[in-house]
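Chemist: This is the content of input.csv (CSV, C-alpha atoms and all ligand atoms):
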chain,number,residue,atom,x,y,z
A,1,MET,CA,3.9,114.0,9.4
A,2,THR,CA,0.3,115.2,9.7
A,3,ARG,CA,-1.5,113.6,12.6
A,4,SER,CA,-4.5,111.4,11.6
A,5,ARG,CA,-7.6,113.4,10.9
A,6,LEU,CA,-9.4,111.1,13.2
A,7,ASP,CA,-7.6,112.8,16.2
A,8,GLU,CA,-9.0,116.1,15.0
A,9,LEU,CA,-12.5,114.6,14.8
A,10,ILE,CA,-12.1,113.2,18.3
A,11,ARG,CA,-11.0,116.6,19.6
A,12,THR,CA,-14.0,118.3,18.0
A,13,ASP,CA,-16.5,115.7,19.2
A,14,GLU,CA,-15.2,115.6,22.7
A,15,ASN,CA,-14.4,119.3,23.0
A,16,ARG,CA,-11.0,118.5,24.4
A,17,THR,CA,-7.5,117.6,23.2
A,18,VAL,CA,-6.9,113.9,23.4
A,19,SER,CA,-3.1,114.0,23.9
A,20,ASP,CA,-2.6,110.6,25.3
A,21,ARG,CA,-4.4,107.2,25.6
A,22,GLN,CA,-5.3,107.7,29.2
A,23,ILE,CA,-7.7,110.6,28.2
A,24,LEU,CA,-9.1,108.4,25.4
A,25,GLU,CA,-9.7,105.5,27.8
A,26,GLU,CA,-11.4,107.8,30.3
A,27,ILE,CA,-13.8,108.8,27.5
A,28,GLN,CA,-14.3,105.1,26.6
A,29,LEU,CA,-15.0,104.1,30.2
A,30,ARG,CA,-17.4,106.9,30.8
A,31,ARG,CA,-19.4,105.9,27.6
A,32,LEU,CA,-19.3,102.3,28.6
A,33,ASN,CA,-20.6,103.0,32.0
A,34,ASP,CA,-23.4,105.2,30.6
A,35,LEU,CA,-24.4,102.3,28.3
A,36,LEU,CA,-24.3,99.8,31.2
A,37,ALA,CA,-26.4,102.0,33.3
A,38,ARG,CA,-29.0,102.4,30.5
A,39,GLU,CA,-29.0,98.6,29.9
A,40,SER,CA,-29.4,98.0,33.6
A,41,ARG,CA,-32.4,100.4,33.9
A,42,ARG,CA,-34.1,98.7,31.0
A,43,ASN,CA,-33.5,95.2,32.3
A,44,GLY,CA,-33.4,93.8,28.8
A,45,PHE,CA,-31.2,91.3,27.0
A,46,TYR,CA,-28.0,92.0,28.9
A,47,GLN,CA,-27.9,91.1,32.5
A,48,LEU,CA,-24.7,92.9,33.4
A,49,PRO,CA,-23.3,95.1,36.2
A,50,SER,CA,-24.4,98.7,35.9
A,51,GLU,CA,-20.9,100.0,36.3
A,52,LEU,CA,-17.3,98.9,35.8
A,53,ALA,CA,-14.3,100.2,37.7
A,54,SER,CA,-11.9,99.9,34.7
A,55,LEU,CA,-11.9,99.1,31.0
A,56,GLU,CA,-10.0,95.9,31.8
A,57,GLU,CA,-13.1,94.5,33.4
A,58,LEU,CA,-14.9,94.6,30.1
A,59,SER,CA,-13.2,91.3,29.2
A,60,SER,CA,-15.1,89.6,32.0
A,61,LEU,CA,-18.5,90.3,30.4
A,62,PRO,CA,-20.1,87.7,28.0
A,63,PHE,CA,-20.0,88.0,24.2
A,64,THR,CA,-22.9,89.0,22.0
A,65,THR,CA,-23.1,87.0,18.7
A,66,ALA,CA,-24.7,87.5,15.3
A,67,ASP,CA,-27.3,84.9,16.4
A,68,ASP,CA,-28.2,87.0,19.4
A,69,LEU,CA,-28.8,89.9,17.0
A,70,ARG,CA,-31.0,87.8,14.8
A,71,ASN,CA,-33.0,86.2,17.5
A,72,HIS,CA,-33.2,88.8,20.3
A,73,CYS,CA,-33.3,92.1,18.5
A,74,PRO,CA,-36.3,93.5,20.4
A,75,GLN,CA,-34.7,92.8,23.7
A,76,LEU,CA,-31.4,94.3,22.5
A,77,PHE,CA,-33.1,97.5,21.2
A,78,LEU,CA,-32.5,100.4,23.6
A,79,GLY,CA,-34.7,103.3,22.7
A,80,SER,CA,-37.9,104.0,20.9
A,81,LEU,CA,-38.8,103.4,17.2
A,82,SER,CA,-39.5,107.1,16.8
A,83,GLU,CA,-35.8,107.7,17.1
A,84,VAL,CA,-34.9,105.3,14.2
A,85,GLU,CA,-33.8,107.0,11.0
A,86,LYS,CA,-32.6,103.9,9.1
A,87,VAL,CA,-32.7,100.1,9.3
A,88,THR,CA,-30.5,97.7,7.5
A,89,THR,CA,-31.6,94.1,7.0
A,90,GLU,CA,-29.1,91.4,6.2
A,91,ARG,CA,-30.8,88.3,5.0
A,92,THR,CA,-29.2,84.9,5.6
A,93,SER,CA,-28.6,82.5,2.8
A,94,GLY,CA,-30.2,79.6,4.7
A,95,THR,CA,-33.9,78.9,4.7
A,96,THR,CA,-34.6,79.1,8.4
A,97,GLY,CA,-32.3,81.9,9.7
A,98,ALA,CA,-34.0,85.1,10.9
A,99,ALA,CA,-32.9,88.3,9.3
A,100,LYS,CA,-30.3,90.4,11.1
A,101,ARG,CA,-31.5,94.0,11.5
A,102,ILE,CA,-29.6,97.0,12.7
A,103,TYR,CA,-31.2,100.3,13.7
A,104,TYR,CA,-29.6,103.7,13.4
A,105,THR,CA,-30.6,107.1,14.6
A,106,LYS,CA,-29.9,110.4,12.8
A,107,GLU,CA,-27.1,111.0,15.2
A,108,ASP,CA,-25.5,107.6,14.5
A,109,LEU,CA,-25.6,108.4,10.8
A,110,GLU,CA,-24.2,111.9,11.3
A,111,HIS,CA,-21.3,110.5,13.4
A,112,THR,CA,-20.5,108.1,10.5
A,113,VAL,CA,-20.6,110.9,7.9
A,114,ALA,CA,-18.1,112.9,10.0
A,115,PHE,CA,-16.0,109.8,10.4
A,116,PHE,CA,-16.1,109.1,6.6
A,117,ALA,CA,-15.1,112.8,6.0
A,118,ALA,CA,-12.0,112.3,8.2
A,119,GLY,CA,-11.0,109.2,6.3
A,120,ILE,CA,-11.7,110.6,2.8
A,121,GLY,CA,-10.0,113.8,3.8
A,122,GLU,CA,-6.8,111.8,4.1
A,123,MET,CA,-7.1,110.9,0.4
A,124,ALA,CA,-9.0,113.5,-1.5
A,125,SER,CA,-8.4,117.3,-1.9
A,126,ALA,CA,-11.0,120.0,-2.4
A,127,GLY,CA,-12.4,120.0,-5.9
A,128,GLU,CA,-11.3,116.5,-6.8
A,129,THR,CA,-13.8,114.0,-8.2
A,130,VAL,CA,-14.2,110.8,-6.1
A,131,MET,CA,-15.9,107.9,-7.9
A,132,ILE,CA,-18.1,105.8,-5.5
A,133,ARG,CA,-18.9,102.1,-6.2
A,134,MET,CA,-20.9,101.2,-3.1
A,135,PRO,CA,-24.6,100.3,-2.8
A,136,TYR,CA,-26.9,103.3,-3.4
A,137,SER,CA,-30.6,102.9,-2.5
A,138,GLY,CA,-31.6,106.5,-1.7
A,139,PRO,CA,-31.0,108.8,1.3
A,140,ASP,CA,-28.9,107.4,4.1
A,141,SER,CA,-27.8,104.4,2.0
A,142,LEU,CA,-24.1,103.6,2.3
A,143,ALA,CA,-23.2,105.4,-1.0
A,144,ASP,CA,-25.2,108.4,0.2
A,145,LEU,CA,-23.4,108.6,3.5
A,146,ILE,CA,-20.1,108.4,1.7
A,147,ALA,CA,-21.1,111.1,-0.8
A,148,ARG,CA,-22.0,113.4,2.2
A,149,GLY,CA,-18.5,112.6,3.7
A,150,ILE,CA,-16.9,113.5,0.3
A,151,ARG,CA,-18.8,116.8,0.2
A,152,GLY,CA,-17.6,117.4,3.8
A,153,CYS,CA,-14.1,117.5,2.3
A,154,GLU,CA,-15.2,119.9,-0.5
A,155,ALA,CA,-14.5,117.1,-3.0
A,156,VAL,CA,-17.1,116.0,-5.7
A,157,PRO,CA,-18.8,112.6,-5.3
A,158,LEU,CA,-19.9,110.7,-8.3
A,159,GLN,CA,-21.7,107.3,-8.2
A,160,LEU,CA,-20.4,104.7,-10.6
A,161,ARG,CA,-23.2,103.2,-12.7
A,162,LEU,CA,-23.8,99.5,-12.5
A,163,GLY,CA,-23.2,97.5,-15.7
A,164,SER,CA,-20.5,95.8,-17.6
A,165,LEU,CA,-16.8,96.4,-16.9
A,166,PHE,CA,-16.6,98.1,-20.3
A,167,GLU,CA,-19.4,100.6,-19.3
A,168,GLN,CA,-17.7,101.3,-16.0
A,169,CYS,CA,-14.4,102.0,-17.8
A,170,ARG,CA,-16.2,104.3,-20.2
A,171,GLN,CA,-17.6,106.3,-17.3
A,172,TYR,CA,-14.0,106.5,-15.8
A,173,ARG,CA,-12.8,107.7,-19.2
A,174,GLU,CA,-15.5,110.4,-19.4
A,175,GLU,CA,-15.2,111.6,-15.8
A,176,LYS,CA,-11.5,111.1,-15.1
A,177,PRO,CA,-11.8,110.8,-11.3
A,178,ALA,CA,-8.8,111.4,-9.2
A,179,CYS,CA,-9.9,109.1,-6.4
A,180,ALA,CA,-12.2,106.2,-5.9
A,181,ILE,CA,-14.1,104.3,-3.1
A,182,ASP,CA,-14.4,100.7,-4.1
A,183,GLN,CA,-13.9,97.1,-3.2
A,184,PRO,CA,-10.3,95.9,-3.9
A,185,VAL,CA,-10.9,93.3,-6.7
A,186,PRO,CA,-13.6,95.2,-8.6
A,187,LEU,CA,-11.2,98.2,-8.7
A,188,LEU,CA,-8.3,96.0,-9.9
A,189,ALA,CA,-10.5,94.5,-12.6
A,190,LYS,CA,-11.5,98.0,-13.8
A,191,ALA,CA,-7.9,99.3,-13.8
A,192,ARG,CA,-6.7,96.3,-15.8
A,193,TYR,CA,-9.5,96.3,-18.3
A,194,TYR,CA,-9.2,100.1,-18.7
A,195,GLU,CA,-5.5,99.9,-19.6
A,196,TYR,CA,-6.3,97.1,-22.0
A,197,LEU,CA,-8.9,99.3,-23.7
A,198,TYR,CA,-7.1,102.7,-23.6
A,199,GLY,CA,-3.4,101.9,-23.2
A,200,SER,CA,-0.8,101.4,-20.6
A,201,GLY,CA,-0.5,104.2,-18.0
A,202,SER,CA,-3.9,105.7,-19.0
A,203,PHE,CA,-6.0,104.7,-15.8
A,204,PRO,CA,-6.8,108.1,-14.3
A,205,LEU,CA,-6.9,107.4,-10.5
A,206,ARG,CA,-4.2,108.4,-8.2
A,207,ALA,CA,-5.7,107.1,-4.9
A,208,ALA,CA,-8.3,104.8,-3.6
A,209,LEU,CA,-10.1,104.1,-0.4
A,210,LEU,CA,-10.7,100.3,-0.2
A,211,SER,CA,-13.6,99.0,1.7
A,212,ALA,CA,-16.5,96.5,2.1
A,213,ASP,CA,-14.3,93.5,1.5
A,214,SER,CA,-10.9,92.1,2.5
A,215,CYS,CA,-7.9,92.9,0.4
A,216,SER,CA,-5.4,90.1,-0.3
A,217,ALA,CA,-1.7,91.0,-0.6
A,218,ALA,CA,-1.5,90.3,-4.3
A,219,VAL,CA,-4.4,92.6,-5.1
A,220,GLU,CA,-2.9,95.4,-2.9
A,221,LYS,CA,0.5,94.9,-4.6
A,222,ALA,CA,-1.0,95.0,-8.1
A,223,LEU,CA,-3.0,98.2,-7.4
A,224,LYS,CA,0.1,99.9,-6.0
A,225,GLU,CA,2.7,98.7,-8.4
A,226,GLU,CA,0.9,98.3,-11.7
A,227,PHE,CA,-1.2,101.5,-11.3
A,228,GLY,CA,0.8,103.6,-8.8
A,229,LEU,CA,-2.3,104.0,-6.6
A,230,VAL,CA,-2.0,105.3,-3.1
A,231,LEU,CA,-4.3,103.1,-1.0
A,232,PHE,CA,-6.4,104.0,2.0
A,233,PRO,CA,-7.9,100.8,3.4
A,234,HIS,CA,-11.1,101.3,5.5
A,235,TYR,CA,-12.8,98.9,7.9
A,236,GLY,CA,-16.4,99.0,8.9
A,237,THR,CA,-19.5,96.8,9.5
A,238,ARG,CA,-23.2,97.4,9.8
A,239,GLU,CA,-23.1,96.8,13.5
A,240,MET,CA,-20.8,99.9,13.9
A,241,CYS,CA,-22.9,102.0,11.5
A,242,PHE,CA,-20.5,101.2,8.6
A,243,GLY,CA,-17.5,103.2,9.7
A,244,GLY,CA,-14.8,101.6,12.0
A,245,ALA,CA,-11.2,102.4,11.1
A,246,ILE,CA,-9.4,104.6,8.6
A,247,THR,CA,-5.9,105.0,7.1
A,248,CYS,CA,-3.7,108.0,7.9
A,249,GLN,CA,-0.8,109.5,5.9
A,250,ALA,CA,1.6,107.0,7.4
A,251,HIS,CA,-0.2,104.1,5.7
A,252,GLN,CA,0.6,101.7,8.6
A,253,GLY,CA,-2.7,100.2,9.6
A,254,MET,CA,-6.2,101.6,10.1
A,255,HIS,CA,-7.0,103.9,13.1
A,256,LEU,CA,-10.1,102.8,15.0
A,257,ARG,CA,-12.7,105.4,16.0
A,258,GLU,CA,-12.1,104.6,19.6
A,259,HIS,CA,-14.1,107.5,21.2
A,260,GLN,CA,-17.2,105.8,19.8
A,261,LEU,CA,-16.3,102.1,20.0
A,262,ILE,CA,-14.2,99.8,22.1
A,263,ALA,CA,-12.3,97.1,20.2
A,264,GLU,CA,-10.7,94.0,21.6
A,265,ILE,CA,-8.9,91.1,19.9
A,266,THR,CA,-9.6,87.7,21.5
A,267,ASP,CA,-8.2,84.2,21.1
A,268,GLU,CA,-10.4,81.1,20.4
A,269,SER,CA,-11.2,80.7,24.1
A,270,GLY,CA,-12.4,84.3,24.2
A,271,ARG,CA,-9.4,85.8,26.1
A,272,PRO,CA,-7.9,89.1,24.9
A,273,VAL,CA,-4.5,88.7,23.2
A,274,PRO,CA,-1.6,91.1,23.3
A,275,ASP,CA,-1.1,93.7,20.6
A,276,GLY,CA,0.5,92.2,17.5
A,277,GLU,CA,-1.2,88.8,17.9
A,278,TRP,CA,-4.0,87.7,15.6
A,279,GLY,CA,-7.5,86.8,16.9
A,280,GLU,CA,-11.1,87.8,16.5
A,281,LEU,CA,-12.2,91.4,16.5
A,282,VAL,CA,-14.7,92.1,19.2
A,283,ILE,CA,-16.5,95.4,19.4
A,284,THR,CA,-18.5,97.3,21.9
A,285,THR,CA,-20.4,100.1,20.2
A,286,VAL,CA,-20.6,102.5,23.2
A,287,ASP,CA,-21.9,105.4,21.2
A,288,MET,CA,-24.7,103.7,19.1
A,289,LYS,CA,-28.0,105.2,20.3
A,290,VAL,CA,-30.7,102.5,19.9
A,291,LEU,CA,-28.8,99.3,19.1
A,292,PRO,CA,-25.5,99.4,21.0
A,293,LEU,CA,-23.8,96.1,21.2
A,294,ILE,CA,-21.6,94.9,24.1
A,295,ARG,CA,-18.7,92.6,23.2
A,296,PHE,CA,-20.1,91.7,19.7
A,297,ARG,CA,-18.1,89.0,18.0
A,298,THR,CA,-17.5,90.3,14.4
A,299,GLY,CA,-16.3,87.0,13.0
A,300,ASP,CA,-13.4,89.0,11.5
A,301,ARG,CA,-9.7,88.0,11.9
A,302,ALA,CA,-7.6,91.0,12.9
A,303,ARG,CA,-4.8,92.2,15.1
A,304,PHE,CA,-3.7,95.5,16.6
A,305,LEU,CA,-0.4,96.8,15.3
A,306,LYS,CA,2.1,97.2,18.1
A,307,GLY,CA,3.3,100.6,19.3
A,308,PRO,CA,2.3,104.1,18.2
A,309,CYS,CA,1.7,105.2,14.6
A,310,PRO,CA,4.3,107.6,13.1
A,311,CYS,CA,1.5,110.1,12.6
A,312,GLY,CA,1.3,110.5,16.4
A,313,SER,CA,-2.3,109.4,16.9
A,314,VAL,CA,-3.4,108.0,20.2
A,315,THR,CA,-5.8,105.6,18.6
A,316,LYS,CA,-5.1,101.9,18.0
A,317,ARG,CA,-4.6,100.5,14.5
A,318,LEU,CA,-5.9,97.4,12.9
A,319,ASP,CA,-3.8,95.4,10.5
A,320,ARG,CA,-5.3,93.7,7.4
A,321,VAL,CA,-8.8,92.2,8.3
A,322,ARG,CA,-10.5,89.2,6.8
A,323,ARG,CA,-13.2,86.7,7.8
A,324,ILE,CA,-12.3,83.9,10.2
A,325,GLY,CA,-12.4,80.4,8.8
A,326,LYS,CA,-11.2,78.0,6.2
A,327,ASP,CA,-13.2,79.6,3.3
A,328,ALA,CA,-11.6,83.0,3.8
A,329,GLU,CA,-8.1,81.3,4.1
A,330,ILE,CA,-8.6,79.4,0.8
A,331,LEU,CA,-10.0,82.4,-1.0
A,332,GLU,CA,-7.0,84.5,0.1
A,333,LEU,CA,-4.6,81.7,-1.0
A,334,LEU,CA,-6.3,81.6,-4.5
A,335,GLU,CA,-6.4,85.4,-4.8
A,336,ASN,CA,-2.7,85.6,-3.9
A,337,ARG,CA,-2.0,82.9,-6.5
A,338,PHE,CA,-3.9,84.4,-9.4
A,339,PHE,CA,-4.1,88.2,-9.1
A,340,GLY,CA,-0.3,88.4,-9.4
A,341,LEU,CA,-0.9,87.6,-13.1
A,342,ARG,CA,-1.7,90.8,-15.0
A,343,GLN,CA,-4.2,89.0,-17.3
A,344,VAL,CA,-6.5,88.0,-14.5
A,345,LEU,CA,-9.5,90.3,-14.0
A,346,ASP,CA,-11.7,88.3,-11.6
A,347,LEU,CA,-11.9,85.0,-9.9
A,348,MET,CA,-14.9,83.1,-8.5
A,349,VAL,CA,-14.7,79.9,-6.4
A,350,ARG,CA,-17.3,77.2,-5.9
A,351,GLU,CA,-16.8,74.2,-3.6
A,352,GLU,CA,-18.7,70.9,-3.6
A,353,SER,CA,-17.7,67.7,-1.7
A,354,GLY,CA,-14.2,69.1,-1.1
A,355,LYS,CA,-13.6,69.9,-4.8
A,356,TYR,CA,-13.0,73.5,-5.8
A,357,ASP,CA,-14.0,74.9,-9.2
A,358,LEU,CA,-12.5,78.2,-10.2
A,359,GLU,CA,-13.9,80.6,-12.7
A,360,LEU,CA,-11.4,83.0,-14.1
A,361,LEU,CA,-12.2,86.1,-16.1
A,362,ILE,CA,-9.1,87.1,-18.1
A,363,LEU,CA,-8.1,89.8,-20.6
A,364,PRO,CA,-8.4,89.0,-24.3
A,365,GLY,CA,-5.2,87.5,-25.6
A,366,GLY,CA,-4.4,86.0,-22.1
A,367,ASP,CA,-2.1,83.0,-21.7
A,368,GLU,CA,-4.3,80.1,-20.8
A,369,ALA,CA,-1.3,77.7,-20.5
A,370,GLU,CA,0.1,79.9,-17.8
A,371,LEU,CA,-3.2,79.8,-15.9
A,372,LYS,CA,-3.3,76.1,-16.3
A,373,ARG,CA,0.2,75.7,-14.8
A,374,LYS,CA,-0.8,77.8,-11.9
A,375,THR,CA,-3.9,75.7,-11.3
A,376,ASP,CA,-2.1,72.3,-11.6
A,377,SER,CA,0.6,73.3,-9.2
A,378,LEU,CA,-1.8,74.1,-6.4
A,379,ASP,CA,-0.5,71.3,-4.2
A,380,THR,CA,-1.8,72.8,-1.0
A,381,LEU,CA,-5.3,72.7,-2.4
A,382,PRO,CA,-6.1,69.4,-4.2
A,383,ALA,CA,-8.9,68.9,-6.6
A,384,VAL,CA,-9.0,72.3,-8.3
A,385,THR,CA,-10.4,72.7,-11.8
A,386,ALA,CA,-10.6,76.0,-13.6
A,387,CYS,CA,-12.9,77.4,-16.2
A,388,ILE,CA,-11.3,80.3,-18.1
A,389,ARG,CA,-13.4,83.0,-19.7
A,390,THR,CA,-12.2,85.8,-21.8
A,391,ALA,CA,-13.7,89.3,-21.1
A,392,ASP,CA,-15.7,91.0,-23.7
A,393,ARG,CA,-17.7,94.2,-23.8
A,394,ASN,CA,-20.6,92.6,-22.0
A,395,SER,CA,-18.6,91.0,-19.2
A,396,THR,CA,-19.5,91.9,-15.6
A,397,LEU,CA,-17.7,91.1,-12.4
A,398,LEU,CA,-18.2,87.6,-11.1
A,399,TYR,CA,-19.5,88.5,-7.6
A,400,PRO,CA,-22.3,91.0,-7.1
A,401,GLY,CA,-21.1,91.9,-3.6
A,402,LYS,CA,-18.7,90.4,-1.0
A,403,ARG,CA,-16.4,87.7,-2.3
A,404,VAL,CA,-17.0,84.3,-0.7
A,405,ILE,CA,-16.6,80.7,-1.7
A,406,LEU,CA,-20.0,79.4,-3.0
A,407,HIS,CA,-21.4,76.1,-1.7
A,408,PRO,CA,-24.3,74.0,-2.8
A,409,GLU,CA,-27.6,75.4,-1.4
A,410,GLY,CA,-27.8,74.7,2.4
A,411,LYS,CA,-24.4,73.2,2.7
A,412,ARG,CA,-21.2,74.6,4.2
B,501,ZN,ZN,-1.4,107.2,11.8
Please render this file's structure as structure tokens.
Ligand SMILES: [Zn+2]
Modeler:
Amino acid sequence: MTRSRLDELIRTDENRTVSDRQILEEIQLRRLNDLLARESRRNGFYQLPSELASLEELSSLPFTTADDLRNHCPQLFLGSLSEVEKVTTERTSGTTGAAKRIYYTKEDLEHTVAFFAAGIGEMASAGETVMIRMPYSGPDSLADLIARGIRGCEAVPLQLRLGSLFEQCRQYREEKPACAIDQPVPLLAKARYYEYLYGSGSFPLRAALLSADSCSAAVEKALKEEFGLVLFPHYGTREMCFGGAITCQAHQGMHLREHQLIAEITDESGRPVPDGEWGELVITTVDMKVLPLIRFRTGDRARFLKGPCPCGSVTKRLDRVRRIGKDAEILELLENRFFGLRQVLDLMVREESGKYDLELLILPGGDEAELKRKTDSLDTLPAVTACIRTADRNSTLLYPGKRVILHPEGKR
């Protein structure tokens, strides 16, 4: 089996062959100590030792949280504004929360493009069209970085236009892409609506890189079994400059870009857990230039897969990732319940006073009685009502971005 392209990228970046974990961990410790020394000289937000003797000592340092990022960004900033090439701002839904800003240098962005190229190169061959459905807002936006990664593999990037599912299917029909980069549910909705419009077996994709949202087991199964797609899940967050972990040819978890970040999985009390156990993903972005984070709590539930990957890579692999908390658990339960039904295109959930309202978008000619039975038998989640809508040519996806349970303004 071909070794993960990430290993080749690490070899190129580090100018040495990383044949075992010890070499990789030496690189991590060197970068971590460089970062601690810079932090120490600046005397900013982190009041930490300027050097650690081993990677194990990292777990003795305090966490950084999303609130720290919102409230102490100037103190966390390590560099000068003249180095900043791009800023992302994540607004909070509440009325009082400060915006979370992340700053990137040109070098950060170029590292991400190279990392994307490694991940996309596992999926797409030279000359193939790759349809992108990710936010595009000009140069250095996420879709632009992805497009550059696609070109780096000599494949052809194409941005999917916003609009109705029907319009998106029409663009797929015209362009016949071989691969796509999309969120899981929007991709499944398109595939199902496409085959409703143009016939069974007509959806043109052969592979997809799934990103920017968690993927429930039912959605993954449907994409693989109904449409024969080869899936390449990707994990990334803004804090790590969008790119974090990619899938290799073995399709057994996502390889972390460990020469540029250090990942830990911790339990509720903050202690690291052994490989194979679930916990919170904590990252130290040792290679970010102006906003490196030390032990940042991602709020994502994950685990490291045990043992080495069949591809032979020395990097650790993440299993399926989703947000921590009851909402993500309930959303996953509902997705697993309903997306197994071929008539379901999309599902939105609202909660108020412990009562859950589902909105289901289904294919024309769907069996509403079957959906009703599925809703009534949700004994693990009482007080569920469903509103069923049949898709037409003007129907759009129910969520504009990440899928979450919606609550009344200001309430959780
Ligand atoms: Zn692998």
Chemist: I need the residue nearest ligand ZN 501 (chain B) from this list: A:Gly312, A:Gly199, A:Pro400, A:Pro364. Use only C-alpha atoms and all ligand atoms for the distance.
Modeler: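 For ligand ZN 501 (chain B), the nearest of the candidates is A:Gly312.
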Chemist: Nearest to ligand ZN 501 (chain B) among A:Leu78, A:Ala245, A:Ala66, A:Leu61, with distances taken over all atoms listed in the file: which residue is it?
Modeler: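 Of the candidates, the smallest distance to ligand ZN 501 (chain B) is held by A:Ala245.
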Chemist: To one decimal place, how far is atom CA of A:Leu205 from atom CA of A:Cys179 in Å?
Modeler: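 According to the coordinates, atom CA of A:Leu205 and atom CA of A:Cys179 are separated by 5.4 Å.
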Chemist: I'd like the contact shell of A:Asp68 - 12 Å cut-off, all atoms listed in the file, skipping same-chain residues fewer than 2 positions apart - returned as a VMD selection string.
Modeler: chain A and resid 45 to 46 62 to 66 70 to 77 97 to 101 293 to 297
Chemist: Please, could you write that set of residues out with C-alpha atoms as an mmCIF file, in the coordinates of the input?
Modeler:
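Printed below is selection-v4.cif as written:
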data_model
loop_
_atom_site.group_PDB
_atom_site.id
_atom_site.type_symbol
_atom_site.label_atom_id
_atom_site.label_comp_id
_atom_site.auth_asym_id
_atom_site.auth_seq_id
_atom_site.Cartn_x
_atom_site.Cartn_y
_atom_site.Cartn_z
ATOM 1 C CA PHE A 45 -31.200 91.300 27.000
ATOM 2 C CA TYR A 46 -28.000 92.000 28.900
ATOM 3 C CA PRO A 62 -20.100 87.700 28.000
ATOM 4 C CA PHE A 63 -20.000 88.000 24.200
ATOM 5 C CA THR A 64 -22.900 89.000 22.000
ATOM 6 C CA THR A 65 -23.100 87.000 18.700
ATOM 7 C CA ALA A 66 -24.700 87.500 15.300
ATOM 8 C CA ARG A 70 -31.000 87.800 14.800
ATOM 9 C CA ASN A 71 -33.000 86.200 17.500
ATOM 10 C CA HIS A 72 -33.200 88.800 20.300
ATOM 11 C CA CYS A 73 -33.300 92.100 18.500
ATOM 12 C CA PRO A 74 -36.300 93.500 20.400
ATOM 13 C CA GLN A 75 -34.700 92.800 23.700
ATOM 14 C CA LEU A 76 -31.400 94.300 22.500
ATOM 15 C CA PHE A 77 -33.100 97.500 21.200
ATOM 16 C CA GLY A 97 -32.300 81.900 9.700
ATOM 17 C CA ALA A 98 -34.000 85.100 10.900
ATOM 18 C CA ALA A 99 -32.900 88.300 9.300
ATOM 19 C CA LYS A 100 -30.300 90.400 11.100
ATOM 20 C CA ARG A 101 -31.500 94.000 11.500
ATOM 21 C CA LEU A 293 -23.800 96.100 21.200
ATOM 22 C CA ILE A 294 -21.600 94.900 24.100
ATOM 23 C CA ARG A 295 -18.700 92.600 23.200
ATOM 24 C CA PHE A 296 -20.100 91.700 19.700
ATOM 25 C CA ARG A 297 -18.100 89.000 18.000
#
Chemist: Given a cut-off of 6 Å, what residues near ligand ZN 501 (chain B) show up using all atoms listed in the file, put as JSON, numbers by chain?
Modeler: {"A": [4, 248, 250, 309, 310, 311, 313]}
Chemist: Using all atoms listed in the file, which of the listed residues (A:Asp7, A:Glu154, A:Glu26, A:Glu409) sits closest to A:Gly121?
Modeler: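 Answer, going by the shortest atom-to-atom distance: A:Glu154.
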Chemist: Under the rule that all atoms listed in the file are counted, which of A:Ala37, A:Leu331, A:Val321, A:Leu281 is the nearest residue to A:Ala263?
Modeler: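 The shortest atom-to-atom distance to A:Ala263 comes from A:Leu281.
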Chemist: Figure out the distance between atom CA of A:Ile265 and atom CA of A:Arg303, please, to one decimal in Å.
Modeler: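 Answer for the atom CA of A:Arg303 to atom CA of A:Ile265 separation: 6.4 Å.
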Chemist: Sorted by chain and rising residue number, list the residues of stretch 20-139 of chain A at most 10 Å from stretch 10-16 of chain A (counting all atoms listed in the file), each with its closest atom pair and distance in Å to one decimal, as JSON lines.
Modeler:
{"residue": "A:Ile23", "atom": "CA", "partner": "A:Arg16", "partner_atom": "CA", "distance": 9.4}
{"residue": "A:Leu24", "atom": "CA", "partner": "A:Ile10", "partner_atom": "CA", "distance": 9.1}
{"residue": "A:Ile27", "atom": "CA", "partner": "A:Glu14", "partner_atom": "CA", "distance": 8.4}
{"residue": "A:His111", "atom": "CA", "partner": "A:Asp13", "partner_atom": "CA", "distance": 9.1}
{"residue": "A:Ala114", "atom": "CA", "partner": "A:Asp13", "partner_atom": "CA", "distance": 9.7}
{"residue": "A:Phe115", "atom": "CA", "partner": "A:Ile10", "partner_atom": "CA", "distance": 9.4}
Chemist: Name the residues in contact with stretch 139-141 of chain A at a cut-off of 8 Å, using all atoms listed in the file, excluding same-chain residues fewer than 4 positions from it; report them as a PDB file with C-alpha atoms, in the frame of the given file.
Modeler:
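Contents of selection_8.pdb, as written:
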ATOM      1  CA  LYS A  86     -32.600 103.900   9.100  1.00  0.00           C
ATOM      2  CA  LEU A 109     -25.600 108.400  10.800  1.00  0.00           C
ATOM      3  CA  PRO A 135     -24.600 100.300  -2.800  1.00  0.00           C
ATOM      4  CA  LEU A 145     -23.400 108.600   3.500  1.00  0.00           C
TER       5      LEU A 145
END
Chemist: Extract, using all atoms listed in the file, all DNA, RNA and protein residues at most 8 Å from A:Phe116, discarding same-chain residues fewer than 6 positions from it, and format them as a PDB file with C-alpha atoms, in the coordinates of the input.
Modeler:
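Generated file (result.pdb):
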ATOM      1  CA  LEU A 145     -23.400 108.600   3.500  1.00  0.00           C
ATOM      2  CA  ILE A 146     -20.100 108.400   1.700  1.00  0.00           C
ATOM      3  CA  GLY A 149     -18.500 112.600   3.700  1.00  0.00           C
ATOM      4  CA  ILE A 150     -16.900 113.500   0.300  1.00  0.00           C
ATOM      5  CA  GLY A 243     -17.500 103.200   9.700  1.00  0.00           C
TER       6      GLY A 243
END
Chemist: Excluding A:Asp327 and residues on its chain fewer than 6 positions from it, collect all residues at most 10 Å away from it, counting all atoms listed in the file, and give them as a short mmCIF file (atom, residue, chain, number, x, y, z; two decimals) with C-alpha atoms, keeping the file's coordinate frame.
Modeler:
data_model
loop_
_atom_site.label_atom_id
_atom_site.label_comp_id
_atom_site.auth_asym_id
_atom_site.auth_seq_id
_atom_site.Cartn_x
_atom_site.Cartn_y
_atom_site.Cartn_z
CA LEU A 333 -4.60 81.70 -1.00
CA VAL A 349 -14.70 79.90 -6.40
CA GLU A 351 -16.80 74.20 -3.60
CA VAL A 404 -17.00 84.30 -0.70
CA ILE A 405 -16.60 80.70 -1.70
CA LEU A 406 -20.00 79.40 -3.00
CA ARG A 412 -21.20 74.60 4.20
#
